[in-house]
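Peer 1: Would you mind keeping the following structure in view while I ask a few things?
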Amino acid sequence: MIELKRTNSENVDFNFLNKMLDKELVIRDGDEHAFFAQFNKTDTINHVIVAYDGEEPLGCGAFKKYDEETLEIKRMFVLPEGRGKKIASNMLAELEQWSKELGYKKCILETGVSFKDAIGLYLKNGYEISKNYGQYAEVESSVCFCKTL
């Protein structure tokens, strides 16, 4: 059974999963990796979810404040051996629940146009494609999403 743990960016398992995510992104982002990496710093993220199968960490996700009513979902990742088990959807639902508890009204996030699995995940979970925001406004390889909580 998968257990979701609320924690922060100091969590050892989150840091391990984050490194695995970065390794995958270096390959998937290609020449654009340095641009996107600058927006994925995790040293001060206070809202992190780690998914465990027993003692084994399989996935992570996080959010950070974007503005007074909006949070930004960050660092969604599931190890290959955990994929296809609805772990990402469960983590996303837990991040949304946590954000509602803190009074946020909306979630936003960014992924790459070539990340078809991520796009499918967000659409399946009620996110809508939105205008690219902030640092992604002029980035053609980005697709942004939003969801009212």
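Ordered as shown in the structure tokens, chains take letters A, B, and onward, while each chain numbers its residues from 1 and ligands are numbered from 1 in the order shown.
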Please identify every residue of range 61-82 of chain A that has at least one atom no farther than 9 Å from an atom of range 2-23 of chain A, counting only C-alpha atoms, and for each give the shortest atom pair and the distance in Å to one decimal, arranged by chain then increasing number, as a Markdown table.

Peer 2:
```
| residue | atom | partner | partner_atom | distance |
| --- | --- | --- | --- | --- |
| A:Gly61 | CA | A:Phe14 | CA | 8.5 |
| A:Ala62 | CA | A:Asn8 | CA | 8.3 |
| A:Arg75 | CA | A:Asn18 | CA | 7.1 |
| A:Met76 | CA | A:Leu21 | CA | 8.4 |
| A:Phe77 | CA | A:Leu21 | CA | 6.3 |
| A:Val78 | CA | A:Leu17 | CA | 8.0 |
| A:Leu79 | CA | A:Leu17 | CA | 7.7 |
```

Peer 1: So that I can see what lies close to Lys74 in chain A, please list as a VMD selection string the residues with an atom at most 12 Å from it, counting only C-alpha atoms and leaving out residues fewer than 2 positions away in the same chain.

Peer 2: chain A and resid 9 18 21 36 to 37 39 to 42 45 to 49 60 to 66 71 to 72 76 to 77 91 to 92 95 107 to 111

Peer 1: Keeping only N, CA, C and O atoms, write those residues as a short mmCIF file (atom, residue, chain, number, x, y, z; two decimals), in the first residue's frame.

Peer 2:
```cif
data_model
loop_
_atom_site.label_atom_id
_atom_site.label_comp_id
_atom_site.auth_asym_id
_atom_site.auth_seq_id
_atom_site.Cartn_x
_atom_site.Cartn_y
_atom_site.Cartn_z
N SER A 9 11.60 20.21 1.99
CA SER A 9 12.72 19.93 1.09
C SER A 9 13.98 19.43 1.80
O SER A 9 14.95 19.08 1.13
N ASN A 18 14.45 13.84 -6.07
CA ASN A 18 14.71 15.07 -6.81
C ASN A 18 15.94 14.91 -7.72
O ASN A 18 15.95 15.37 -8.87
N LEU A 21 14.91 12.78 -10.62
CA LEU A 21 14.14 13.61 -11.55
C LEU A 21 15.08 14.46 -12.39
O LEU A 21 14.93 14.53 -13.62
N PHE A 36 15.42 25.68 -17.70
CA PHE A 36 14.38 25.18 -16.80
C PHE A 36 14.92 24.88 -15.40
O PHE A 36 14.23 25.09 -14.40
N ALA A 37 16.15 24.41 -15.32
CA ALA A 37 16.73 24.04 -14.02
C ALA A 37 16.79 25.22 -13.06
O ALA A 37 16.63 25.04 -11.85
N PHE A 39 14.64 27.29 -12.38
CA PHE A 39 13.36 27.49 -11.72
C PHE A 39 12.96 26.32 -10.82
O PHE A 39 11.85 26.28 -10.29
N ASN A 40 13.86 25.37 -10.66
CA ASN A 40 13.55 24.16 -9.90
C ASN A 40 14.42 24.00 -8.66
O ASN A 40 14.68 22.88 -8.22
N LYS A 41 14.83 25.09 -8.08
CA LYS A 41 15.60 25.03 -6.83
C LYS A 41 14.68 24.56 -5.71
O LYS A 41 13.53 24.98 -5.62
N THR A 42 15.18 23.70 -4.86
CA THR A 42 14.33 23.11 -3.83
C THR A 42 14.79 23.39 -2.40
O THR A 42 14.24 22.82 -1.46
N ILE A 45 11.67 24.77 -0.14
CA ILE A 45 10.29 24.35 -0.35
C ILE A 45 9.78 23.73 0.95
O ILE A 45 10.33 22.75 1.44
N ASN A 46 8.73 24.32 1.49
CA ASN A 46 8.20 23.87 2.78
C ASN A 46 7.06 22.88 2.66
O ASN A 46 6.60 22.36 3.67
N HIS A 47 6.60 22.60 1.44
CA HIS A 47 5.44 21.73 1.25
C HIS A 47 5.78 20.66 0.21
O HIS A 47 5.71 20.91 -0.99
N VAL A 48 6.15 19.49 0.72
CA VAL A 48 6.60 18.38 -0.11
C VAL A 48 5.81 17.14 0.27
O VAL A 48 5.53 16.91 1.44
N ILE A 49 5.48 16.34 -0.73
CA ILE A 49 4.86 15.02 -0.52
C ILE A 49 5.86 13.98 -1.02
O ILE A 49 6.41 14.13 -2.12
N CYS A 60 7.52 11.87 -5.64
CA CYS A 60 7.49 13.13 -4.89
C CYS A 60 6.75 14.18 -5.69
O CYS A 60 6.57 14.07 -6.89
N GLY A 61 6.35 15.20 -4.96
CA GLY A 61 5.73 16.38 -5.53
C GLY A 61 5.80 17.48 -4.49
O GLY A 61 6.01 17.20 -3.31
N ALA A 62 5.65 18.71 -4.91
CA ALA A 62 5.77 19.83 -3.98
C ALA A 62 4.95 21.01 -4.50
O ALA A 62 4.49 21.01 -5.64
N PHE A 63 4.81 22.00 -3.63
CA PHE A 63 4.25 23.26 -4.10
C PHE A 63 4.91 24.41 -3.36
O PHE A 63 5.47 24.24 -2.28
N LYS A 64 4.86 25.56 -4.00
CA LYS A 64 5.35 26.79 -3.38
C LYS A 64 4.38 27.91 -3.71
O LYS A 64 3.64 27.86 -4.71
N LYS A 65 4.38 28.90 -2.87
CA LYS A 65 3.50 30.06 -3.05
C LYS A 65 3.87 30.80 -4.33
O LYS A 65 5.04 31.07 -4.60
N TYR A 66 2.85 31.11 -5.13
CA TYR A 66 3.03 31.94 -6.31
C TYR A 66 2.55 33.36 -6.03
O TYR A 66 3.22 34.33 -6.33
N LEU A 71 -0.85 28.75 -5.72
CA LEU A 71 0.40 28.02 -5.50
C LEU A 71 0.84 27.41 -6.81
O LEU A 71 0.06 27.25 -7.75
N GLU A 72 2.12 27.08 -6.88
CA GLU A 72 2.69 26.45 -8.06
C GLU A 72 3.14 25.04 -7.70
O GLU A 72 3.93 24.86 -6.78
N MET A 76 7.07 17.18 -9.58
CA MET A 76 6.29 15.94 -9.65
C MET A 76 7.12 14.87 -10.35
O MET A 76 7.61 15.06 -11.47
N PHE A 77 7.26 13.71 -9.67
CA PHE A 77 8.09 12.65 -10.22
C PHE A 77 7.75 11.32 -9.56
O PHE A 77 7.52 11.27 -8.34
N MET A 91 -0.62 11.78 -5.26
CA MET A 91 0.22 12.86 -4.72
C MET A 91 -0.36 14.22 -5.09
O MET A 91 -0.39 15.12 -4.25
N LEU A 92 -0.82 14.35 -6.31
CA LEU A 92 -1.41 15.61 -6.76
C LEU A 92 -2.64 15.95 -5.91
O LEU A 92 -2.80 17.09 -5.47
N LEU A 95 -1.45 17.13 -2.53
CA LEU A 95 -0.93 18.50 -2.61
C LEU A 95 -2.08 19.51 -2.69
O LEU A 95 -2.04 20.56 -2.04
N CYS A 107 -4.26 26.34 -8.26
CA CYS A 107 -2.96 25.73 -8.53
C CYS A 107 -2.56 26.05 -9.97
O CYS A 107 -3.40 26.02 -10.87
N ILE A 108 -1.29 26.32 -10.17
CA ILE A 108 -0.73 26.46 -11.51
C ILE A 108 0.49 25.55 -11.60
O ILE A 108 1.06 25.16 -10.57
N LEU A 109 0.88 25.23 -12.82
CA LEU A 109 2.09 24.44 -13.01
C LEU A 109 2.53 24.54 -14.45
O LEU A 109 1.76 24.97 -15.33
N GLU A 110 3.76 24.12 -14.69
CA GLU A 110 4.34 24.13 -16.03
C GLU A 110 4.96 22.78 -16.30
O GLU A 110 5.52 22.15 -15.40
N THR A 111 4.84 22.33 -17.53
CA THR A 111 5.56 21.15 -18.00
C THR A 111 5.94 21.40 -19.46
O THR A 111 5.56 22.41 -20.05
#
```

Peer 1: Could you find all residues in chain A that DSSP calls strand (DSSP E) from the backbone, and write them as a PyMOL selection string?

Peer 2: chain A and resi 2-7+47-53+56-65+70-78+106-112+128-130+142-148

Peer 1: Go through A:Glu68, A:Glu128, A:Glu101, A:Asp117 and flag the residue nearest Gly84 in chain A, using only C-alpha atoms for the distances.

Peer 2: A:Asp117

Peer 1: Report the distance between CA of Ile129 in chain A and CA of Cys144 in chain A in Å, rounded to one decimal place.

Peer 2: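 Taking CA of Ile129 in chain A and CA of Cys144 in chain A, their separation equals 5.8 Å.
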
Peer 1: Restricting the calculation to only C-alpha atoms: of A:Thr70, A:Thr148, A:Ser142, A:Ser114, which residue gets closest to Leu102 in chain A?

Peer 2: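 When distances to Leu102 in chain A are compared using only C-alpha atoms, the smallest one comes from A:Thr70.
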